[in-house]
Structures are given as C-alpha cells and as structure tokens.
>>> print(open('final02.cif').read())   # mmCIF, C-alpha atoms
data_coords
loop_
_atom_site.label_atom_id
_atom_site.label_comp_id
_atom_site.auth_asym_id
_atom_site.auth_seq_id
_atom_site.Cartn_x
_atom_site.Cartn_y
_atom_site.Cartn_z
CA MET I 19 -11.15 0.99 -26.08
CA THR I 20 -11.27 0.89 -22.29
CA VAL I 21 -8.57 -1.22 -20.62
CA PRO I 22 -10.02 -3.17 -17.66
CA LEU I 23 -8.24 -2.96 -14.31
CA VAL I 24 -8.40 -5.50 -11.50
CA LEU I 25 -7.47 -4.34 -8.00
CA ALA I 26 -5.94 -7.21 -6.03
CA SER I 27 -6.67 -5.57 -2.70
CA GLN I 28 -9.55 -5.32 -0.26
CA SER I 29 -8.55 -1.78 0.81
CA PRO I 30 -11.53 0.60 0.68
CA ALA I 31 -9.11 3.55 0.53
CA ARG I 32 -7.39 2.21 -2.59
CA LEU I 33 -10.70 1.57 -4.28
CA ALA I 34 -11.97 5.05 -3.36
CA THR I 35 -8.76 6.66 -4.66
CA LEU I 36 -9.08 4.94 -8.03
CA ARG I 37 -12.76 5.81 -8.26
CA SER I 38 -12.01 9.45 -7.49
CA ALA I 39 -9.68 9.40 -10.50
CA GLY I 40 -12.46 8.06 -12.72
CA VAL I 41 -11.41 4.41 -12.68
CA GLU I 42 -13.84 1.62 -11.70
CA PRO I 43 -11.75 -1.52 -11.13
CA GLU I 44 -12.99 -5.01 -10.47
CA VAL I 45 -11.87 -6.07 -6.97
CA ILE I 46 -10.45 -9.57 -6.54
CA VAL I 47 -8.74 -10.12 -3.19
CA SER I 48 -5.62 -12.25 -3.38
CA GLU I 49 -5.14 -15.44 -1.37
CA VAL I 50 -1.51 -14.71 -0.52
CA ASP I 51 -0.19 -15.65 2.91
CA GLU I 52 1.57 -12.32 3.45
CA ASP I 53 3.61 -13.42 6.46
CA ALA I 54 4.91 -16.50 4.63
CA ALA I 55 5.66 -14.55 1.44
CA LEU I 56 7.56 -11.88 3.34
CA ALA I 57 9.48 -14.44 5.42
CA ALA I 58 10.52 -16.30 2.27
CA ALA I 59 11.69 -13.07 0.62
CA GLN I 60 13.66 -12.07 3.70
CA GLU I 61 15.29 -15.51 3.79
CA ARG I 62 16.31 -15.26 0.12
CA HIS I 63 17.66 -11.75 0.66
CA ALA I 64 19.73 -12.84 3.67
CA ALA I 65 20.97 -15.99 1.92
CA ALA I 66 22.30 -13.81 -0.91
CA GLY I 67 24.40 -11.96 1.65
CA TRP I 68 22.38 -8.74 1.45
CA GLY I 69 21.25 -8.62 5.07
CA ASP I 70 17.76 -7.52 6.04
CA LEU I 71 15.16 -6.84 3.36
CA PRO I 72 14.66 -3.04 3.11
CA PRO I 73 11.09 -1.83 3.84
CA ALA I 74 10.74 -0.36 0.34
CA ASP I 75 11.49 -3.81 -1.10
CA ALA I 76 9.27 -5.64 1.40
CA VAL I 77 6.12 -3.84 0.24
CA LEU I 78 7.08 -4.49 -3.38
CA VAL I 79 7.47 -8.21 -2.69
CA LEU I 80 3.96 -8.38 -1.25
CA ALA I 81 2.44 -6.21 -3.98
CA GLN I 82 3.96 -8.54 -6.59
CA ALA I 83 2.74 -11.63 -4.76
CA LYS I 84 -0.81 -10.28 -4.64
CA ALA I 85 -0.93 -9.24 -8.30
CA GLU I 86 0.63 -12.45 -9.59
CA ASN I 87 -1.62 -14.59 -7.37
CA VAL I 88 -4.77 -13.00 -8.76
CA ALA I 89 -3.52 -13.04 -12.36
CA GLY I 90 -2.47 -16.68 -12.00
CA THR I 91 -5.64 -17.86 -10.30
CA TRP I 92 -8.37 -16.00 -12.16
CA ASP I 93 -8.92 -15.47 -15.88
CA THR I 94 -9.02 -11.69 -15.50
CA ASP I 95 -8.25 -10.56 -19.07
CA ALA I 96 -7.21 -7.26 -17.50
CA VAL I 97 -4.31 -5.32 -16.06
CA VAL I 98 -3.97 -6.50 -12.45
CA LEU I 99 -2.76 -4.12 -9.74
CA GLY I 100 -1.38 -5.34 -6.42
CA CYS I 101 -0.46 -2.96 -3.61
CA ASP I 102 0.93 -3.18 -0.10
CA SER I 103 1.80 -0.48 2.45
CA MET I 104 3.99 -0.37 5.54
CA LEU I 105 5.33 2.35 7.79
CA GLU I 106 9.07 2.53 8.44
CA LEU I 107 10.00 3.93 11.84
CA ASP I 108 13.57 3.70 13.14
CA GLY I 109 14.32 1.19 10.39
CA GLU I 110 11.54 -1.14 11.56
CA ILE I 111 8.70 -2.26 9.30
CA LEU I 112 5.25 -1.63 10.75
CA GLY I 113 2.16 -3.13 9.12
CA LYS I 114 -1.29 -3.36 10.67
CA PRO I 115 -1.17 -3.58 14.48
CA ALA I 116 -2.35 -6.92 15.83
CA ASP I 117 -4.49 -5.41 18.59
CA ALA I 118 -5.40 -2.20 20.40
CA THR I 119 -2.53 -2.53 22.86
CA THR I 120 -0.05 -2.70 19.99
CA ALA I 121 -1.72 0.26 18.26
CA VAL I 122 -1.44 2.38 21.41
CA ALA I 123 2.23 1.46 21.82
CA ARG I 124 2.84 2.34 18.15
CA TRP I 125 1.32 5.76 18.58
CA HIS I 126 3.36 6.43 21.71
CA ALA I 127 6.45 5.75 19.58
CA MET I 128 5.19 7.73 16.56
CA ARG I 129 3.85 10.90 18.14
CA GLY I 130 5.85 14.03 17.48
CA ARG I 131 8.12 12.16 15.07
CA THR I 132 8.44 11.33 11.38
CA GLY I 133 8.24 8.01 9.59
CA VAL I 134 8.25 6.87 5.98
CA LEU I 135 5.15 5.28 4.47
CA HIS I 136 6.12 2.83 1.73
CA THR I 137 3.53 1.59 -0.76
CA GLY I 138 4.52 -1.09 -3.24
CA HIS I 139 2.74 -1.23 -6.59
CA TRP I 140 2.87 -4.18 -8.98
CA LEU I 141 1.18 -4.58 -12.36
CA VAL I 142 0.60 -7.77 -14.32
CA ASP I 143 -0.68 -7.38 -17.88
CA ASP I 144 -3.06 -10.33 -17.94
CA ARG I 145 -4.92 -9.25 -21.08
CA GLY I 146 -5.21 -11.77 -23.87
CA GLY I 147 -3.77 -9.31 -26.35
CA GLY I 148 -1.53 -7.54 -23.84
CA THR I 149 2.19 -7.56 -23.27
CA ALA I 150 2.17 -10.23 -20.52
CA ALA I 151 4.59 -7.90 -18.72
CA THR I 152 4.98 -7.79 -14.96
CA LEU I 153 6.60 -4.79 -13.28
CA GLY I 154 6.41 -2.60 -10.20
CA ALA I 155 7.85 0.15 -8.07
CA THR I 156 7.53 1.64 -4.59
CA SER I 157 6.22 5.04 -3.54
CA SER I 158 7.86 6.36 -0.34
CA THR I 159 6.53 9.41 1.50
CA VAL I 160 7.76 11.08 4.70
CA VAL I 161 4.97 11.51 7.26
CA ARG I 162 5.19 13.86 10.26
CA PHE I 163 2.92 12.94 13.15
CA ALA I 164 1.45 15.37 15.65
CA ASP I 165 2.53 15.14 19.29
CA LEU I 166 -0.62 13.49 20.57
CA SER I 167 -1.61 13.33 24.21
CA ASP I 168 -2.28 9.96 25.82
CA ALA I 169 -6.01 10.76 25.78
CA GLU I 170 -5.92 11.50 22.04
CA ILE I 171 -4.13 8.23 21.34
CA ASP I 172 -6.60 6.24 23.42
CA ALA I 173 -9.57 7.93 21.74
CA TYR I 174 -8.22 7.33 18.25
CA VAL I 175 -7.39 3.69 18.87
CA ALA I 176 -10.86 3.20 20.40
CA THR I 177 -12.38 4.05 16.99
CA GLY I 178 -10.88 0.82 15.64
CA GLU I 179 -9.46 2.53 12.56
CA PRO I 180 -5.76 2.07 13.47
CA LEU I 181 -6.26 -1.70 13.60
CA ARG I 182 -7.34 -1.83 9.96
CA VAL I 183 -4.53 0.11 8.30
CA ALA I 184 -0.78 -0.06 7.79
CA GLY I 185 1.17 2.00 10.30
CA ALA I 186 -1.94 2.38 12.51
CA PHE I 187 -3.02 5.65 10.89
CA THR I 188 -4.83 7.21 7.95
CA VAL I 189 -4.33 10.59 6.34
CA ASP I 190 -7.72 10.59 4.61
CA GLY I 191 -9.88 9.40 7.51
CA LEU I 192 -10.14 9.69 11.28
CA GLY I 193 -6.35 9.91 11.55
CA GLY I 194 -6.16 13.04 9.41
CA PRO I 195 -6.01 15.49 12.35
CA TYR I 196 -2.97 13.65 13.70
CA VAL I 197 -0.80 13.94 10.58
CA GLU I 198 0.85 17.36 10.51
CA ALA I 199 2.61 17.12 7.16
CA ILE I 200 3.76 14.82 4.39
CA GLU I 201 6.70 15.11 2.02
CA GLY I 202 5.90 13.18 -1.13
CA ASP I 203 2.83 11.74 -2.76
CA TYR I 204 -0.37 12.11 -0.74
CA HIS I 205 -2.11 9.32 -2.66
CA GLY I 206 0.78 6.99 -1.89
CA VAL I 207 0.03 7.44 1.80
CA VAL I 208 -3.66 6.74 1.20
CA GLY I 209 -2.70 3.48 -0.47
CA VAL I 210 -2.13 3.87 -4.21
CA SER I 211 0.06 6.49 -5.88
CA LEU I 212 -1.78 7.71 -8.95
CA PRO I 213 1.32 9.31 -10.56
CA LEU I 214 3.34 6.13 -10.03
CA LEU I 215 0.48 4.01 -11.37
CA ARG I 216 0.37 6.23 -14.46
CA SER I 217 4.11 5.74 -15.04
CA LEU I 218 3.89 1.96 -14.67
CA LEU I 219 0.92 1.78 -17.02
CA LEU I 220 2.83 3.72 -19.66
CA GLU I 221 5.53 1.03 -19.54
CA LEU I 222 2.80 -1.40 -20.55
CA GLY I 223 1.72 0.89 -23.35
CA VAL I 224 -1.44 1.89 -21.48
CA ALA I 225 -2.39 5.53 -20.88
CA PHE I 226 -4.13 6.28 -17.60
CA HIS I 227 -7.15 7.63 -19.43
CA ASP I 228 -7.49 4.21 -21.11
CA LEU I 229 -8.69 2.88 -17.76
CA ARG I 230 -11.64 5.26 -17.60
CA ALA I 231 -15.01 4.03 -18.75
#
>>> encode(input="final02.cif", output="structure tokens")
Amino acid sequence: MTVPLVLASQSPARLATLRSAGVEPEVIVSEVDEDAALAAAQERHAAAGWGDLPPADAVLVLAQAKAENVAGTWDTDAVVLGCDSMLELDGEILGKPADATTAVARWHAMRGRTGVLHTGHWLVDDRGGGTAATLGATSSTVVRFADLSDAEIDAYVATGEPLRVAGAFTVDGLGGPYVEAIEGDYHGVVGVSLPLLRSLLLELGVAFHDLRA
C-alpha cells in the first residue's frame, strides 16, 4: 500500500528532487511566521543558558514548525515533511537575501570561500493508522564557492535566482557554475536529503519505496 507524503514547502527544487526519486507528494504550504518562530526558539535557547541557537538547530526548528503547522491545520492523513535551509558563513545564519543589494554583498563575502549549507528535515506521521510520531534531523554539507568576479556576481544576481533561495545560490540551477565542490549530500544542498529522509521514514516504520505510486 502506498504511503502518502505531504510536502510542507513551496520549494520547486524540493518537489523536483522528490519527483526525481519517484515520489509524488501533495504540496501544502505552511502558514508559519518563520521570523517569529525562529526568534522564539532563539529566546528559549538563550533563556536556558545555552547562548545562540546553532544554525543546524535553527533550520530544524523551522522544519518542525512547518510540518507540525500543516499536520495540525489540515486533515492530511499522510506523512508530512517540513524542510528549511540556511547557509552558515563565519558562524552567521544566512537565509534568503532580502534584496539584490544584499545578494551582491553576500556573494562578495562568499566568493572563493567555503560555507556550510544546513537543511532541517521534520516528519509528522499524520496518518489515521500511523504512529503519530514526530521526529527530525539536519543535513549539513560543506560548499566551496568559486572566486567570482564582480561582473559574474552582478550577472548572477540580475537573474533573480539568488533572491529566491537560501544562501543566495543553487547547485542545481543557474548557480551551478559558481559552486566548485561540495563535501556531503548533494540533495541536501538542493533542499531535501533523500538518504536522511529514508532514515527518518524507517524510524516511522515506512520504507522509502512505500512512498512511490
């Protein structure tokens, strides 16, 4: 019997990655206020005396918020997957740039250097006969950026792509020529780690092939 999957994300790259693996999820975009959810998590973390919220935990907080929002708002009768990605550079968390000026500044800081792309994954088993479990983990991959010229940065930002993605780059799109190497899971950089998703599903008693139609 096929296990239905709901993707609590509007990311075309995540949807394409799942489809390329033979999975056709239903897409339901969460209504989470990401800034508020992250600020609240950071406040709780600091209040506990743990200092700043690590980037790998920040993406997990948002992935959980998205998955639990969709599972709690809609009668999905499915396994719900929430994801969130951010780039860590010099210990700073970088999400989507607010505007072209910010994207250009980001690339001036990133070029010729390495960062870590964190993607949080959270599953909620919202099936009527499921486990009702909720669990997640983060995929972290080292990304080495090419030493772009100012003209290359301006041309890439002018495409608009950097404004739509975490860290202001893609590895599977127009940004591909500007990523020299990755150390870790390629799919995690795209937006959803298929090996990590498989492992999390197994904890729910679901094999990855159970998701395929």
>>> resolve_selection(input="final02.cif", expression="the PyMOL selection byres ((chain I and resi 202) around 7)", output="ChimeraX atom specification")
/I:159-160,200-201,203-204
>>> resolve_selection(input="final02.cif", expression="the PyMOL selection byres ((chain I and resi 45) around 10)", output="list in words")
Leu23, Val24, Leu25, Ala26, Ser27, Gln28, Ser29, Leu33, Glu42, Pro43, Glu44, Ile46, Val47, Ser48, Val98 and Leu99 of chain I
>>> atom_distance(input="final02.cif", atom1="atom CA of I:Tyr196", atom2="atom CA of I:Thr132")
11.9 Å
>>> resolve_selection(input="final02.cif", expression="the PyMOL selection byres ((chain I and resi 116-124) around 7)", output="count of residues only")
12
>>> atom_distance(input="final02.cif", atom1="atom CA of I:Asn87", atom2="atom CA of I:Val142")
10.0 Å
>>> residues_around(input="final02.cif", residues="I:Gly130", least_positions_apart="3", cutoff="8 Å", atoms="all atoms listed in the file", output="ChimeraX atom specification")
/I:162-166
>>> residues_around(input="final02.cif", residues="stretch 69-72 of chain I", least_positions_apart="6", cutoff="8 Å", atoms="only C-alpha atoms", output="ChimeraX atom specification")
/I:59-60,63
>>> atom_distance(input="final02.cif", atom1="atom CA of I:Val77", atom2="atom CA of I:Val50")
13.3 Å
>>> closest_residue(input="final02.cif", among="I:Ala31, I:Ala39, I:Ala81, I:Pro213", to="I:Val189", atoms="all atoms listed in the file")
I:Ala31
>>> residues_around(input="final02.cif", residues="I:Gly223", least_positions_apart="5", cutoff="10 Å", atoms="only C-alpha atoms", output="list of chain:residue names")
I:Gly148, I:Thr149, I:Ser217, I:Leu218
>>> decode(input="final02.cif", residues="stretch 101-158 of chain I", atoms="C-alpha atoms", output="PDB file, in the first residue's frame")
ATOM      1  CA  CYS I 101      12.166  21.390   5.440  1.00  0.00           C
ATOM      2  CA  ASP I 102      14.197  24.550   5.857  1.00  0.00           C
ATOM      3  CA  SER I 103      17.657  25.521   4.587  1.00  0.00           C
ATOM      4  CA  MET I 104      20.205  28.139   5.593  1.00  0.00           C
ATOM      5  CA  LEU I 105      23.832  28.817   4.782  1.00  0.00           C
ATOM      6  CA  GLU I 106      26.321  29.192   7.624  1.00  0.00           C
ATOM      7  CA  LEU I 107      29.217  31.520   6.862  1.00  0.00           C
ATOM      8  CA  ASP I 108      31.582  32.667   9.619  1.00  0.00           C
ATOM      9  CA  GLY I 109      29.084  31.382  12.170  1.00  0.00           C
ATOM     10  CA  GLU I 110      26.310  33.591  10.779  1.00  0.00           C
ATOM     11  CA  ILE I 111      22.991  32.196   9.546  1.00  0.00           C
ATOM     12  CA  LEU I 112      22.087  33.289   6.024  1.00  0.00           C
ATOM     13  CA  GLY I 113      18.619  32.644   4.627  1.00  0.00           C
ATOM     14  CA  LYS I 114      17.128  34.219   1.525  1.00  0.00           C
ATOM     15  CA  PRO I 115      18.562  37.688   0.819  1.00  0.00           C
ATOM     16  CA  ALA I 116      16.027  40.474   1.209  1.00  0.00           C
ATOM     17  CA  ASP I 117      17.020  42.275  -1.986  1.00  0.00           C
ATOM     18  CA  ALA I 118      19.558  42.410  -4.812  1.00  0.00           C
ATOM     19  CA  THR I 119      21.926  44.645  -2.860  1.00  0.00           C
ATOM     20  CA  THR I 120      22.037  42.116  -0.037  1.00  0.00           C
ATOM     21  CA  ALA I 121      22.556  39.255  -2.504  1.00  0.00           C
ATOM     22  CA  VAL I 122      25.507  41.046  -4.108  1.00  0.00           C
ATOM     23  CA  ALA I 123      27.068  41.718  -0.707  1.00  0.00           C
ATOM     24  CA  ARG I 124      26.573  38.055   0.234  1.00  0.00           C
ATOM     25  CA  TRP I 125      28.367  36.877  -2.868  1.00  0.00           C
ATOM     26  CA  HIS I 126      31.248  39.276  -2.275  1.00  0.00           C
ATOM     27  CA  ALA I 127      31.639  37.615   1.137  1.00  0.00           C
ATOM     28  CA  MET I 128      31.157  34.057  -0.183  1.00  0.00           C
ATOM     29  CA  ARG I 129      33.330  34.019  -3.283  1.00  0.00           C
ATOM     30  CA  GLY I 130      36.451  31.911  -3.066  1.00  0.00           C
ATOM     31  CA  ARG I 131      35.407  30.584   0.339  1.00  0.00           C
ATOM     32  CA  THR I 132      33.511  27.701   1.916  1.00  0.00           C
ATOM     33  CA  GLY I 133      30.279  27.672   3.870  1.00  0.00           C
ATOM     34  CA  VAL I 134      28.014  25.015   5.330  1.00  0.00           C
ATOM     35  CA  LEU I 135      24.517  24.521   3.942  1.00  0.00           C
ATOM     36  CA  HIS I 136      22.193  23.210   6.649  1.00  0.00           C
ATOM     37  CA  THR I 137      18.837  21.664   5.732  1.00  0.00           C
ATOM     38  CA  GLY I 138      16.465  20.696   8.513  1.00  0.00           C
ATOM     39  CA  HIS I 139      14.015  17.853   7.923  1.00  0.00           C
ATOM     40  CA  TRP I 140      10.996  17.112  10.107  1.00  0.00           C
ATOM     41  CA  LEU I 141       8.407  14.361   9.725  1.00  0.00           C
ATOM     42  CA  VAL I 142       4.985  14.130  11.343  1.00  0.00           C
ATOM     43  CA  ASP I 143       3.121  10.841  10.945  1.00  0.00           C
ATOM     44  CA  ASP I 144      -0.379  12.237  10.493  1.00  0.00           C
ATOM     45  CA  ARG I 145      -1.904   9.011   9.160  1.00  0.00           C
ATOM     46  CA  GLY I 146      -5.008   7.730  10.878  1.00  0.00           C
ATOM     47  CA  GLY I 147      -3.408   4.346  11.414  1.00  0.00           C
ATOM     48  CA  GLY I 148       0.139   5.675  11.756  1.00  0.00           C
ATOM     49  CA  THR I 149       2.440   6.073  14.703  1.00  0.00           C
ATOM     50  CA  ALA I 150       1.603   9.756  15.383  1.00  0.00           C
ATOM     51  CA  ALA I 151       5.369  10.184  15.768  1.00  0.00           C
ATOM     52  CA  THR I 152       7.174  13.451  15.125  1.00  0.00           C
ATOM     53  CA  LEU I 153      10.930  13.488  14.534  1.00  0.00           C
ATOM     54  CA  GLY I 154      13.639  15.188  12.529  1.00  0.00           C
ATOM     55  CA  ALA I 155      17.296  15.745  11.796  1.00  0.00           C
ATOM     56  CA  THR I 156      19.589  18.137   9.942  1.00  0.00           C
ATOM     57  CA  SER I 157      21.727  17.517   6.872  1.00  0.00           C
ATOM     58  CA  SER I 158      24.891  19.684   6.788  1.00  0.00           C
TER      59      SER I 158
END
